[in-house]
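> I'd like to ask you about the structure that follows.
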Amino acid sequence: MVLLSWIAVAIILISSTSILIARNWRISVAWLAAQYLAMFILLLSHAPLGMALVKLIAGWVSCAVIGMTRSGLPNNPAGQGIWPRARLFRLFAVGAVGVIVVGVVPSVNHIMADAGAAIASGALLLAGIGLLHLGMTSRILRVTQGLLTTLAGFEILYAAVEGSALITAALAAITLGIALVGAYLMIASRSIPAEAS
Amino acid sequence: MTITAPTIWIFFPILLGGSLAFVRNRKFLSYFSATVAVLLALMAQFVPIDKALLIGGISLKISPSFAILGRALTIASTEGALLTLIYGGAALWFFGSLAIYNTTQIAPLGFIVIGLLVASVAVQPFLYAALFIQLAILISVPMLVSLSQPPGKGVLRFLIYQTLAMPFILMAGWLLAGVEASPGDLALAVQAASMLGLGFAFLLAIFPLYSWIPMLMEDSHPFIVGFLLWILPTMALIFLTGFLDRYSWLRTSPQLAFALRAAGLLMIVSGGFWAALERHLGRIMAFGVIAETGFSLLALSLNTSAGILILFLLIPARTLTSALWSFGLSVIRNRVKTMRFSDVRGVLYDAPLAGAAIVLATLSTGAFPLLAGFPPRLALWQNLASVSSSAALWMGIGILGLLMGAIRSLAAMSITEEFTGWSSQESLPQRLILGLGMLGLFILGTFPRSAQFFLSDLPLMFERLGR
Amino acid sequence: MFVFVTVGILLFAATAVLLLWIFLPTHRAAWLIAISGGALALVSVFIWLANPSAQIQLPAWQPAALFGQSLTFTSDLFASTFALSIVALSLSILFTAVVRDNFFNPLAWAGNLALTALGVLAVTADNLLTLALIWAAFDLTELIIQFRFVEDPKRTEGAITAFAFHALGILVLLWADAAGATGGDSFNFHSTTSQTGAYLLIAAGLRIGVLPLHLPYAGDSPLRRGFGTALRMTSAASSLILLARIPAGSIAAAFEPYLLAFTTLAAVYGGWMWLRAPDELTGRPFWLIGIGSLAVIATLRGNLAGAAAWSCALILCGGVLFLSSEPQRWLTRGLWVGAFGLSSLPFSLTASGWANTTPIFFLLWIPLLLAHVMLLTGFIRYISHTRIRNEDQPAWAKNVYSIGILLLLTINLLLGFFNWSASFQTGNLTASLIVSFLTFTLVRFTPRLRILNPVRAHWVRPTASTWLDWSYQIMQTIYKQTSRASAVLTTMLEGESGIMWMLIFVAFLISFFAQNAP
């Protein structure tokens with residue numbers, strides 16, 4: 001189980017980094033789905049299967065929602081072609097987050113009732129890279145992915161200490177809600193600005 | 001017959017909001033929603049919770065609790081006054097939407113948002129409130145952005161910052177439970193307080209995490225933003241007070257009082273500073289709202305029963321001021337290209353009541369005597385001065401900035417090269433609402449006693465702080 | 001209770017005139033109603049003169065735990081003297097309105113009565129909360145009236161500037177209240193401490209344009225003789241009453257020299273500009289500054305009766321001068337009563353103006369007396385200048401007009417002899433004789449000395465207030481630079497990288513507070 005957890009951490013590192021530097025939205029959504037799978041694996045060590053499944057399904061449905069919405073929208077040549085710029089910088093920033101995570105994992109692990117180094121690492125990586133993502137872009141799809149990534153990190157950590165069904169349900173609803181709001185905003189962003197009446 | 005209080009004040013509004021989403025008739029939506037909100041407010045004020053009533057031979061009892069997924073939603077009788085305030089305030093916006101175009105979504109989604117926020121007050125354990133607040137924030141987004149209008153950056157920033165609050169607060173809640181179990185663990189207490197501070201810094205948009213507020217006021221409909229900038233901080237403040245009430249070590253910590261005071265002053269001073277320099281009417285309101293939250297934080301920092309009284313005295317003033325301000329801005333927005341100073345020159349002569357409402361609302365936020373904001377600010381200033389005269393001086397500087405914002409708004413709307421005479425272009429409902437709103441500002445400002453009817457019971461919500 | 005009777009009469013008359021104007025716009029009874037209201041109010045003030053120091057306290061604000069003060073009014077001698085002055089002025093304005101070109105102006109009459117009612121409330125306010133509320137009501141009313149009457153949006157700038165300074169005055173007053181609360185007591189006029197006395201003085205100074213020196217109404221106002229006089233004078237009276245409420249010795253010694261210096265400067269500036277103004281209406285803002293400064297000086301010297309005397313002179317002597325427009329020889333001669341009232345000679349209204357109280361640096365007497373001389377010289381020059389006869393007026397109008405002027409002159413004389421602490425005084429005989437002698441000399445030499453002659457109307461502002469403009473420009477430059485800096489900060493926080501900046505800010509603030517927490 002410990003090995004599996006560290007494999008999940010590796011998937012998290014690869015997937016969240018890929019989301020940050022991917023040019024193609026399909027790839028980034030696919031990596032987001034992979035991220036939820038890694039999250040599911042990490043959750044299994046503390047939460048019951050049912051709860052972990054709820055989070056996995058909520059995450060995947062969210063990926064589906066934003067993926068389907070995005071697929072229905074035309075490609076923005078200006079945005080899609082150029083973004084993201086400065087991949088090296090992004091990789092460097094991910095490296096910086098990684099260093100910080102390595103530094104704080106022991107103390108976070110201690111605070112979180114010895115949840116495990118893998119869980120703490122995975123959660124902090126997700127939260128850190130998610131925040132990095134939010135700080136680097138203002139595109140709706142990317143912001144939605146950033147928020148989902150950050151929340152996924154938090155959920156891993158929180159599930160280690162809190163097993164309430166209400167919390168699980170509410171967090172799943174929030175994950176879905178963020179995806180739906182992202183989808184809504186993506187659709188709205190296509191509209192032609194109406195005249196102020 | 002027994003009915004639960006959460007059914008009346010949480011589930012019914014949420015369901016009603018969902019149903020009303022399909023109604024397109026603006027007048028019906030406005031009248032109906034406002035009437036329902038007023039009825040809910042009146043029920044909260046006059047119908048006792050957890051006491052049997054005999055109505056025409058039928059025994060009716062409103063029980064306080066509703067069980068859900070192993071937890072409970074509980075509305076105690078002491079929370080009735082808060083419900084009155086919330087639903088009464090919401091009625092102002094719902095009724096106001098009658099006279100403002102493009103605001104049909106405010107009533108349906110507003111009911112859902114209020115339902116969720118009331119759930120945040122009712123949920124046991126109360127730490128879970130953060131989840132309901134987050135759900136309310138997600139519901140708010142479609143209010144702010146219609147499908148026919150591309151979203152601005154402010155909405156995204158709003159979504160990000162408000163969402164980031166939830167993890168910190170939930171985590172802080174868990175840590176606080178640990179502190180309760182081992183009170184001697186100072187490091188844990190510091191970590192918990194820091195988490196809590198960060199969470200509320202995001203939730204209450206404490207300096208410098210408030211950039212989304214002016215952005216939102218610039219991008220979105222001021223009337224809807226005004227509604228959200230009233231309900232969200234108000235409920236977040238109640239939530240924060242709940243924390244202070246619950247944890248005695250937090251309540252008595254001098255560091256927390258210092259942090260609250262510093263945060264409050266930062267918000268008042270920075271809000272006043274930008275209000276004095278801003279050249280956009282909507283953004284001036286944004287900074288006014290920021291300062292308003294600062295006043296509430298300062299009241300909490302007093303850490304006395306007077307502080308709680310001031311906090312609650314600030315709420316009705318904030319409600320009326322925000323409603324009037326956002327309504328006035330919406331009326332003016334319909335007449336001008338943008339709300340930049342360069343575009344609103346002379347608009348006072350076309351929309352005198354809306355212009356006056358904006359100026360009076362700004363003045364009220366800046367503690368101008370006779371207006372609703374004055375009595376609580378005066379009490380706050382006096383109490384603060386007795387604790388720290390330098391803090392009181394900073395508060396005065398912030399107020400000065402807000403007053404400058406009011407005067408600059410007035411100058412921008414009135415000074416023009418061309419003058420064709422006074423001709424009020426506002427519709428009759430607009431005039432009526434603006435007139436009543438301004439009258440309300442004066443009544444609350446001159447007779448603060450008028451709000452005591454329902455304010456006097458509000459502190460009872462908090463077992464320790466309010467008694 | 002009599003305070004409310006007076007205010008009630010004035011407000012009732014104002015409402016009646018307003019309603020008549022709305023529903024029967026051409027009905028001529030409006031003026032009679034206004035006059036009757038004003039006259040009854042004047043009589044009622046005389047009644048409460050007989051019952052000084054009666055205090056009326058309204059129920060306290062709720063919750064009582066937060067508000068120690070309640071709205072309180074007093075009808076002591078200072079209050080009643082101020083009230084008498086402003087009610088007399090109001091009535092006089094209504095009487096003299098009959099000779100104006102735009103005589104039939106019910107809205108102006110209603111405004112005049114309403115402002116007077118607020119003025120009476122302001123001068124009877126017995127604590128800071130009451131005064132702040134009345135000042136606010138007064139300022140809002142004044143602003144609305146300015147917007148309603150000044151139909152040139154470019155001119156509204158002056159009204160907004162005045163409102164800004166008045167609001168600042170209120171803020172300083174409230175700060176005095178908060179600073180007073182530091183001592184733990186609910187603050188009122190009677191418990192003024194050395195901490196708060198200076199703030200009160202600054203609050204009053206800000207509202208009358210003395211501290212710091214500013215000219216919100218520098219431009220020529222279209223509200224000229226009648227209603228304009230009511231606005232300016234009643235507004236000044238509502239602020240000046242504060243000077244008579246600051247107890248002697250309640251201004252911190254550290255502040256006193258600076259306040260004295262600034263106020264003396266303002267007095268000399270006001271006097272000089274008043275003397276050089278082309279006519280009394282153009283010079284009106286300088287009259288307010290000049291006499292207002294003398295009142296502030298009196299307060300600084302602990303001479304409260306003197307401050308009240310200067311204030312009443314500002315209203316009564318100024319009022320009679322600004323309302324005089326008809327060339328009636330005997331009335332013009334009667335205006336010398338106003339000059340006497342202003343002279344500080346024994347038994348005049350301002351006899352106690354220079355009364356010996358707290359000693360001041362002896363060299364300071366020179367500019368102070370010079371300012372007084374210039375103000376008095378200007379006054380005499382304006383009462384003797386030629387007035388144009390309006391031949392179309394009926395005889396009754398001339399008579400009614402005369403009643404208005406005589407009323408103010410009579411009150412001016414009466415206050416010099418009867419009723420209050422500043423009456424029947426010999427005052428500082430040396431100072432008053434020096435002032436009278438210098439004034440006499442200056443009046444004689446004015447036609448011969450070019451520098452003492454009035455400048456052309458359109459020159460008054462640009463030439464005379466260069467240094468004021470210069471200070472305004474510096475402030476404007478600072479404001480613009482701050483504005484630019486804030487714009488940069490806003491762009492940074494709201495731009496693409498805003499969230500990153502926020503996170504850095506948060507980290508910085510947390511570390512800052514972690515270090516500075518108690």
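Ordering of the structure tokens sets the chain letters (A, B, ...), residue numbers begin anew at 1 in every chain, and ligands are numbered from 1 in the order given.
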Which residues of chain A come within 8 Å of chain B, and for each one, what is the closest pair of atoms and their distance in Å to one decimal, counting only C-alpha atoms, sorted by chain and residue number, as CSV?

residue,atom,partner,partner_atom,distance
A:Ile111,CA,B:Leu188,CA,7.9
A:Leu134,CA,B:Ile160,CA,7.7
A:Ser138,CA,B:Lys153,CA,7.0
A:Ile140,CA,B:Leu156,CA,7.4
A:Val143,CA,B:Leu156,CA,7.6
A:Leu147,CA,B:Ile160,CA,6.9
A:Leu151,CA,B:Pro167,CA,7.5
A:Phe154,CA,B:Pro167,CA,6.3
A:Tyr158,CA,B:Met171,CA,7.1
A:Val161,CA,B:Trp174,CA,7.9
A:Ala165,CA,B:Leu69,CA,6.2
A:Leu166,CA,B:Leu69,CA,5.4
A:Ile167,CA,B:Tyr128,CA,7.4
A:Ala170,CA,B:Leu131,CA,6.4
A:Leu171,CA,B:Leu131,CA,7.3
A:Ala173,CA,B:Leu135,CA,7.9
A:Ile174,CA,B:Leu135,CA,6.3
A:Gly177,CA,B:Leu138,CA,6.4
A:Ile178,CA,B:Leu138,CA,6.8
A:Val181,CA,B:Leu138,CA,6.7
A:Tyr184,CA,B:Leu147,CA,7.6
A:Leu185,CA,B:Pro151,CA,6.5
A:Ile187,CA,B:Leu147,CA,6.9
A:Ala188,CA,B:Leu147,CA,4.4
A:Ser189,CA,B:Pro150,CA,4.1
A:Arg190,CA,B:Pro150,CA,6.6
A:Ser191,CA,B:Ser148,CA,5.4
A:Ile192,CA,B:Gln149,CA,6.7
A:Pro193,CA,B:Gln149,CA,5.2
A:Ala194,CA,B:Gln149,CA,6.1
A:Ala196,CA,B:Asn334,CA,6.6
A:Ser197,CA,B:Asn334,CA,5.7
> Include C-alpha atoms and write out the residues we just selected as a tab-separated table (two decimals), in the first residue's frame.

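In the end it all went to result.tsv:
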chain	number	residue	atom	x	y	z
A	111	ILE	CA	0.07	18.06	12.53
A	134	LEU	CA	-4.21	29.92	-10.28
A	138	SER	CA	-6.85	33.91	-15.89
A	140	ILE	CA	-11.51	29.98	-17.37
A	143	VAL	CA	-8.63	28.45	-13.48
A	147	LEU	CA	-9.17	25.19	-8.36
A	151	LEU	CA	-9.19	21.32	-3.67
A	154	PHE	CA	-6.99	19.63	0.45
A	158	TYR	CA	-8.75	16.42	5.19
A	161	VAL	CA	-8.63	13.41	9.71
A	165	ALA	CA	-20.52	11.58	5.25
A	166	LEU	CA	-21.94	15.09	5.14
A	167	ILE	CA	-18.50	16.53	4.51
A	170	ALA	CA	-20.64	18.47	0.38
A	171	LEU	CA	-17.08	18.35	-0.95
A	173	ALA	CA	-20.97	18.70	-4.55
A	174	ILE	CA	-18.42	21.51	-4.41
A	177	GLY	CA	-20.15	22.76	-8.64
A	178	ILE	CA	-16.76	24.22	-9.55
A	181	VAL	CA	-19.47	26.95	-12.84
A	184	TYR	CA	-21.03	27.97	-17.39
A	185	LEU	CA	-18.36	30.64	-17.57
A	187	ILE	CA	-20.12	29.11	-22.41
A	188	ALA	CA	-20.71	32.71	-21.31
A	189	SER	CA	-17.27	33.72	-22.52
A	190	ARG	CA	-18.31	32.81	-26.07
A	191	SER	CA	-21.13	35.35	-26.08
A	192	ILE	CA	-20.86	38.68	-27.82
A	193	PRO	CA	-20.95	41.50	-25.28
A	194	ALA	CA	-24.49	42.84	-25.09
A	196	ALA	CA	-25.78	47.95	-21.62
A	197	SER	CA	-29.49	48.50	-21.54
> I'd like the neighbourhood of Trp212 (chain B) as a ChimeraX atom specification, where a residue qualifies if any of its atoms comes within 12 Å (using only C-alpha atoms), though same-chain residues fewer than 4 positions away should be ignored.
/B:152-162,202-208,216-220,225,229,283,286-287,290 /C:490,493-495,498-499,502
> For the residues in that selection, give me N, CA and C atoms as a short mmCIF file (atom, residue, chain, number, x, y, z; two decimals), in the first residue's frame.

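Output file part30.cif is given in full below:
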data_model
loop_
_atom_site.label_atom_id
_atom_site.label_comp_id
_atom_site.auth_asym_id
_atom_site.auth_seq_id
_atom_site.Cartn_x
_atom_site.Cartn_y
_atom_site.Cartn_z
N GLY B 152 -16.08 38.81 -16.73
CA GLY B 152 -14.86 39.59 -16.53
C GLY B 152 -13.91 38.83 -15.63
N LYS B 153 -12.76 39.42 -15.42
CA LYS B 153 -11.77 38.73 -14.58
C LYS B 153 -12.18 38.74 -13.12
N GLY B 154 -13.01 39.72 -12.76
CA GLY B 154 -13.42 39.85 -11.37
C GLY B 154 -14.16 38.61 -10.87
N VAL B 155 -14.98 38.03 -11.73
CA VAL B 155 -15.76 36.85 -11.33
C VAL B 155 -14.82 35.69 -11.02
N LEU B 156 -13.82 35.53 -11.88
CA LEU B 156 -12.86 34.44 -11.66
C LEU B 156 -12.10 34.66 -10.36
N ARG B 157 -11.68 35.91 -10.17
CA ARG B 157 -10.95 36.23 -8.95
C ARG B 157 -11.83 35.97 -7.72
N PHE B 158 -13.10 36.33 -7.81
CA PHE B 158 -14.07 36.10 -6.73
C PHE B 158 -14.16 34.60 -6.43
N LEU B 159 -14.30 33.84 -7.49
CA LEU B 159 -14.43 32.39 -7.33
C LEU B 159 -13.18 31.80 -6.67
N ILE B 160 -12.03 32.24 -7.14
CA ILE B 160 -10.77 31.69 -6.61
C ILE B 160 -10.61 32.02 -5.12
N TYR B 161 -10.73 33.28 -4.81
CA TYR B 161 -10.46 33.70 -3.42
C TYR B 161 -11.46 33.11 -2.44
N GLN B 162 -12.72 33.12 -2.85
CA GLN B 162 -13.72 32.61 -1.91
C GLN B 162 -13.58 31.10 -1.75
N PHE B 202 -9.45 35.24 3.38
CA PHE B 202 -10.00 35.00 2.04
C PHE B 202 -11.50 35.24 2.02
N LEU B 203 -12.19 34.70 3.02
CA LEU B 203 -13.65 34.76 3.01
C LEU B 203 -14.17 36.19 3.14
N LEU B 204 -13.55 36.94 4.04
CA LEU B 204 -14.03 38.31 4.27
C LEU B 204 -13.32 39.32 3.37
N ALA B 205 -12.48 38.81 2.49
CA ALA B 205 -11.73 39.67 1.57
C ALA B 205 -10.96 40.74 2.35
N ILE B 206 -10.14 40.26 3.25
CA ILE B 206 -9.34 41.18 4.07
C ILE B 206 -8.10 41.59 3.29
N PHE B 207 -7.66 42.79 3.49
CA PHE B 207 -6.50 43.32 2.76
C PHE B 207 -5.37 42.32 2.79
N PRO B 208 -4.69 42.02 1.72
CA PRO B 208 -4.88 42.56 0.36
C PRO B 208 -5.68 41.61 -0.54
N LEU B 216 -15.09 43.21 -9.63
CA LEU B 216 -16.45 42.73 -9.83
C LEU B 216 -17.43 43.90 -10.01
N MET B 217 -17.20 44.96 -9.25
CA MET B 217 -18.09 46.12 -9.36
C MET B 217 -17.95 46.76 -10.74
N GLU B 218 -16.80 46.59 -11.33
CA GLU B 218 -16.57 47.18 -12.65
C GLU B 218 -17.19 46.30 -13.74
N ASP B 219 -17.09 44.97 -13.54
CA ASP B 219 -17.51 44.03 -14.59
C ASP B 219 -19.00 43.72 -14.56
N SER B 220 -19.54 43.54 -13.35
CA SER B 220 -20.88 42.95 -13.23
C SER B 220 -21.92 44.00 -12.86
N VAL B 225 -24.10 42.62 -7.55
CA VAL B 225 -22.86 42.61 -6.75
C VAL B 225 -23.16 43.18 -5.36
N LEU B 229 -22.34 41.45 -1.95
CA LEU B 229 -21.40 42.10 -1.03
C LEU B 229 -22.06 42.47 0.29
N ARG B 283 -16.46 51.34 -8.45
CA ARG B 283 -15.30 50.93 -7.65
C ARG B 283 -15.27 51.68 -6.32
N ALA B 286 -17.19 49.68 -4.13
CA ALA B 286 -16.42 48.50 -3.73
C ALA B 286 -15.53 48.82 -2.54
N PHE B 287 -14.87 49.95 -2.60
CA PHE B 287 -13.97 50.30 -1.50
C PHE B 287 -14.76 50.66 -0.24
N ILE B 290 -15.54 47.43 1.34
CA ILE B 290 -14.33 46.90 1.98
C ILE B 290 -14.14 47.57 3.35
N THR C 490 -2.83 49.28 -8.11
CA THR C 490 -4.07 48.63 -8.52
C THR C 490 -3.82 47.72 -9.72
N LEU C 493 -2.13 44.58 -8.54
CA LEU C 493 -2.95 43.65 -7.77
C LEU C 493 -4.09 43.06 -8.60
N GLU C 494 -4.56 43.81 -9.59
CA GLU C 494 -5.70 43.33 -10.36
C GLU C 494 -5.28 42.75 -11.71
N GLY C 495 -4.00 42.81 -11.98
CA GLY C 495 -3.52 42.30 -13.27
C GLY C 495 -3.40 40.79 -13.28
N GLY C 498 -1.84 39.12 -10.36
CA GLY C 498 -2.39 39.64 -9.11
C GLY C 498 -2.39 38.62 -7.99
N ILE C 499 -2.77 37.39 -8.33
CA ILE C 499 -2.90 36.38 -7.26
C ILE C 499 -1.53 36.09 -6.65
N MET C 502 -0.69 38.79 -4.38
CA MET C 502 -1.49 38.68 -3.16
C MET C 502 -0.84 37.68 -2.20
#
> May I have the residues of chain C within 9 Å of chain A, counting only C-alpha atoms, written as a ChimeraX atom specification?
/C:496-501,503
> Please write the residues from the selection above to a file, keeping C-alpha atoms, as a short mmCIF file (atom, residue, chain, number, x, y, z; two decimals), in the first residue's frame.

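Now in out.cif:
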data_model
loop_
_atom_site.label_atom_id
_atom_site.label_comp_id
_atom_site.auth_asym_id
_atom_site.auth_seq_id
_atom_site.Cartn_x
_atom_site.Cartn_y
_atom_site.Cartn_z
CA GLU C 496 -2.63 38.84 -14.54
CA SER C 497 -0.13 38.19 -11.80
CA GLY C 498 -2.39 39.64 -9.11
CA ILE C 499 -2.90 36.38 -7.26
CA MET C 500 0.84 35.80 -6.99
CA TRP C 501 1.30 39.31 -5.62
CA LEU C 503 0.17 35.54 -1.89
#
> Quick one: pick out all helix (DSSP H, G or I) residues within region 102-241 of chain B from a backbone DSSP run and write them as number ranges by chain.
B: 106-122, 126-144, 153-181, 186-203, 212-219, 222-241
> I'd like the neighbourhood of Ile170 (chain C) as a PyMOL selection string, where a residue qualifies if any of its atoms comes within 9 Å (using only C-alpha atoms), though same-chain residues fewer than 4 positions away should be ignored.
(chain B and resi 368-369) or (chain C and resi 131-133+135-136+165-166+174-175+203-204+207)
> So what do you get for CA of Gly271 (chain C) versus CA of Gly353 (chain C), distance-wise?
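Answer for the CA of Gly271 (chain C) to CA of Gly353 (chain C) separation: 16.0 Å.
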> What is the CA of Gly437 (chain B)-CA of Ala323 (chain B) distance in Å, reported with one decimal?
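Between these atoms lies a distance of 8.1 Å.
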> List as number ranges by chain the protein and nucleic acid residues near Leu125 (chain A), meaning an atom at most 7 Å away when only C-alpha atoms are counted, but skip any in the same chain fewer than 2 places from it.
A: 13, 98, 101, 121-123, 127-129
> Give me the residues within 10 Å of Val9 (chain A) as a list in words, counting only C-alpha atoms and dropping any in the same chain fewer than 5 places off.
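Result of the neighbour search: Leu3, Leu4, Ile14, Ser15, Gln35, Ala38, Met39, Ile41, Leu42, Ala118, Ile119, Ala120, Ser121, Gly122, Ala123, Leu125 and Leu126 of chain A.
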> Compile the contact shell of Ala298 (chain C) as number ranges by chain: residues with an atom at most 8 Å away, counting only C-alpha atoms, same-chain residues fewer than 6 positions apart removed.
C: 304, 306-307, 353-354
> Neighbours of Thr420 (chain B) within 12 Å (only C-alpha atoms; same-chain residues fewer than 3 positions away dropped), as a VMD selection string?
(chain B and resid 346 to 350 416 to 417 423 to 424) or (chain C and resid 151 to 153)
> What is the distance, in Å and to one decimal place, between CA of Ala487 (chain C) and CA of Arg139 (chain A)?
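Spanning CA of Ala487 (chain C) to CA of Arg139 (chain A) is a straight-line distance of 23.8 Å.
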